[in-house]
Amino acid sequence: MKLQDLVYFRKLAELGSFTETSNFFNVSQPTISYAVKRIEEEFNVEVMVRDHKHHSIEITKMGEVIVSHIANIEKELNDMSSDIEKIKVGYIKCGVPPIIGNSYFHKISLNLIKNNLMDRVAIINKGSKDLINELKDGNIEIGLIGSLKPIEENNLISKVIKKDSYKIIVSKNHPLSYLKEISFKQLKNEQFISLNDHFTHAQALNQLCKKYHYTPDVIYKNGDLNLYKKMISEGIGIGILAETAVEPSDDVVAISIKDDEQPQFLISKVYRKFTFNLEIYNNIIEVFENSLSEV
């Protein structure tokens, strides 16, 4: 059985038409027909039924099983090609979200330089939600990911390497700025500035408010961390921020949250499973973990 036969059949199942499938691959219709015939002979099953009257086809249950496996085979082939290319090129793509990058990347970069790895790393800056998708799609190999709970994804290895608390942040002139700690039930009538849904902070805000049965009054969302802090420092609203992201130079006050069972900001190293041992890959993963444990 030819691998190309399987590729033809999966596309046929997707398009539902011999004509469209043959046009897609720029081959004759008999080429597609013979591919289907060889698959049926190989497994001794009927994989499709033709409706000549309506010029359509119907994939059988056996055919659907084969299609699902073909999808996995094609993914493995794509991953194989990608892995081979990484070995040839010799550098690794690493995802670092803005909040984690602002707080830790200076340390990570110093350690990469010390280990002669800096020129072997391409840094991708996106939110944690986007980086997880990039990892799953194989577009990047390693990520430092922020989340509210441990990350569990097929084909990814994840380890929590740092836990952080969320803080309420307000301007220095805000009436609450004198407080050391506060409960979220006291903030029901406050106006919030929020980081957008690419950050875990939006989820944390909703989770904290949900406990006291109210929806936060979010007057503005944005994905720029510096603008977020600036708007809060000017008293436009209040917000929440992982403690690690609050810098001494920020013109805001950070207040501890005293509620029970409050969310934590988890920082995990997340990387793709490889079927081969790539020394540079392992070395970069080790630098990432060591850099955060040193802070």
# chains A, B, ... in the order shown; residues from 1 in each chain; ligands from 1
$ select_by_dssp --residues "range 58-183 of chain A" --states "strand (DSSP E)" --output "number ranges by chain"
A: 58-59, 92-95, 121-124, 142-147, 156-171, 181-182
$ closest_atom_pairs --of "range 177-204 of chain A" --to "range 146-163 of chain A" --cutoff "10 Å" --atoms "only C-alpha atoms" --output "tab-separated table"
residue	atom	partner	partner_atom	distance
A:Phe199	CA	A:Gly146	CA	8.0
A:Thr200	CA	A:Ser147	CA	5.8
A:His201	CA	A:Leu148	CA	8.8
A:Gln203	CA	A:Leu148	CA	8.1
A:Ala204	CA	A:Leu148	CA	7.3
$ residues_around --residues "Ser17 in chain A" --least-positions-apart "3" --cutoff "9 Å" --atoms "only C-alpha atoms" --output "ChimeraX atom specification"
/A:12-14,20-22,55-57
$ write_last_selection --atoms "N, CA and C atoms" --output "tab-separated table (two decimals), in the first residue's frame"
chain	number	residue	atom	x	y	z
A	12	LEU	N	-10.30	12.83	-0.31
A	12	LEU	CA	-11.57	12.43	-0.91
A	12	LEU	C	-12.67	12.44	0.14
A	13	ALA	N	-12.37	11.93	1.32
A	13	ALA	CA	-13.35	11.92	2.40
A	13	ALA	C	-13.71	13.35	2.82
A	14	GLU	N	-12.73	14.23	2.76
A	14	GLU	CA	-12.96	15.63	3.14
A	14	GLU	C	-13.80	16.37	2.10
A	20	GLU	N	-13.29	16.89	-7.52
A	20	GLU	CA	-12.59	17.91	-6.73
A	20	GLU	C	-11.26	17.39	-6.20
A	21	THR	N	-11.24	16.11	-5.80
A	21	THR	CA	-10.01	15.53	-5.26
A	21	THR	C	-8.94	15.40	-6.34
A	22	SER	N	-9.33	14.93	-7.51
A	22	SER	CA	-8.36	14.81	-8.60
A	22	SER	C	-7.84	16.19	-9.02
A	55	HIS	N	-24.29	11.55	-7.85
A	55	HIS	CA	-22.87	11.86	-8.06
A	55	HIS	C	-22.17	12.23	-6.74
A	56	SER	N	-22.42	11.43	-5.72
A	56	SER	CA	-21.82	11.69	-4.41
A	56	SER	C	-21.28	10.38	-3.83
A	57	ILE	N	-20.55	10.51	-2.74
A	57	ILE	CA	-20.01	9.33	-2.06
A	57	ILE	C	-20.34	9.41	-0.57
$ residues_around --residues "Leu241 in chain A" --least-positions-apart "4" --cutoff "9 Å" --atoms "only C-alpha atoms" --output "mmCIF file with N, CA, C and O atoms, in the first residue's frame"
data_model
loop_
_atom_site.group_PDB
_atom_site.id
_atom_site.type_symbol
_atom_site.label_atom_id
_atom_site.label_comp_id
_atom_site.auth_asym_id
_atom_site.auth_seq_id
_atom_site.Cartn_x
_atom_site.Cartn_y
_atom_site.Cartn_z
ATOM 1 N N SER A 165 1.748 35.018 43.369
ATOM 2 C CA SER A 165 0.438 35.506 43.811
ATOM 3 C C SER A 165 -0.013 36.661 42.917
ATOM 4 O O SER A 165 0.804 37.380 42.339
ATOM 5 N N TYR A 166 -1.322 36.813 42.816
ATOM 6 C CA TYR A 166 -1.871 37.990 42.163
ATOM 7 C C TYR A 166 -2.049 39.098 43.202
ATOM 8 O O TYR A 166 -2.349 38.831 44.363
ATOM 9 N N LYS A 167 -1.875 40.335 42.762
ATOM 10 C CA LYS A 167 -2.041 41.508 43.619
ATOM 11 C C LYS A 167 -3.060 42.455 42.993
ATOM 12 O O LYS A 167 -3.219 42.503 41.769
ATOM 13 N N ILE A 168 -3.758 43.178 43.837
ATOM 14 C CA ILE A 168 -4.572 44.292 43.368
ATOM 15 C C ILE A 168 -3.630 45.475 43.177
ATOM 16 O O ILE A 168 -2.828 45.780 44.067
ATOM 17 N N ILE A 169 -3.683 46.120 42.034
ATOM 18 C CA ILE A 169 -2.839 47.299 41.849
ATOM 19 C C ILE A 169 -3.715 48.533 41.631
ATOM 20 O O ILE A 169 -4.712 48.504 40.906
ATOM 21 N N LEU A 195 -6.031 43.328 31.454
ATOM 22 C CA LEU A 195 -5.272 42.798 30.326
ATOM 23 C C LEU A 195 -6.217 41.939 29.493
ATOM 24 O O LEU A 195 -7.179 41.377 30.028
ATOM 25 N N HIS A 201 -4.510 36.827 33.277
ATOM 26 C CA HIS A 201 -5.042 37.764 34.269
ATOM 27 C C HIS A 201 -6.539 38.007 34.101
ATOM 28 O O HIS A 201 -7.252 38.216 35.089
ATOM 29 N N ALA A 245 5.312 40.694 38.176
ATOM 30 C CA ALA A 245 5.280 41.720 37.140
ATOM 31 C C ALA A 245 5.246 43.133 37.697
ATOM 32 O O ALA A 245 5.316 44.101 36.950
ATOM 33 N N VAL A 246 5.120 43.262 39.019
ATOM 34 C CA VAL A 246 5.099 44.588 39.644
ATOM 35 C C VAL A 246 6.530 45.003 39.957
ATOM 36 O O VAL A 246 7.193 44.396 40.800
ATOM 37 N N ALA A 254 0.721 47.908 45.157
ATOM 38 C CA ALA A 254 0.263 46.516 45.075
ATOM 39 C C ALA A 254 -0.302 46.092 46.420
ATOM 40 O O ALA A 254 0.367 46.209 47.458
#
$ select_by_dssp --residues "range 119-247 of chain A" --states "helix (DSSP H, G or I)" --output "tab-separated table (two decimals) with C-alpha atoms, in the first residue's frame"
chain	number	residue	atom	x	y	z
A	119	ASP	CA	22.76	32.65	18.90
A	120	ARG	CA	20.93	29.33	18.74
A	128	SER	CA	0.54	32.43	27.04
A	129	LYS	CA	-2.71	31.35	25.36
A	130	ASP	CA	-1.21	31.92	21.91
A	131	LEU	CA	2.07	30.22	22.82
A	132	ILE	CA	0.31	27.01	23.88
A	133	ASN	CA	-1.27	26.84	20.44
A	134	GLU	CA	2.10	27.53	18.81
A	135	LEU	CA	3.60	24.64	20.81
A	136	LYS	CA	0.78	22.26	19.88
A	184	PHE	CA	-12.46	41.00	46.34
A	185	LYS	CA	-15.92	41.50	47.81
A	186	GLN	CA	-14.80	45.05	48.67
A	187	LEU	CA	-14.14	45.80	45.01
A	200	THR	CA	-4.23	34.63	32.26
A	201	HIS	CA	-5.04	37.76	34.27
A	202	ALA	CA	-8.44	38.16	32.63
A	203	GLN	CA	-9.34	34.62	33.75
A	204	ALA	CA	-8.03	35.29	37.26
A	205	LEU	CA	-10.11	38.47	37.54
A	206	ASN	CA	-13.31	36.65	36.56
A	207	GLN	CA	-12.53	33.77	38.90
A	208	LEU	CA	-12.04	36.09	41.88
A	209	CYS	CA	-15.25	38.01	41.17
A	210	LYS	CA	-17.27	34.84	40.61
A	225	LEU	CA	1.62	45.68	29.87
A	226	ASN	CA	3.26	49.11	30.13
A	227	LEU	CA	0.10	50.91	28.99
A	228	TYR	CA	-1.91	48.80	31.46
A	229	LYS	CA	0.27	49.93	34.36
A	230	LYS	CA	0.26	53.53	33.13
A	231	MET	CA	-3.53	53.74	32.98
A	232	ILE	CA	-3.81	52.37	36.51
A	233	SER	CA	-1.11	54.72	37.84
A	243	GLU	CA	3.40	39.94	41.83
A	244	THR	CA	6.40	39.09	39.67
A	245	ALA	CA	5.28	41.72	37.14
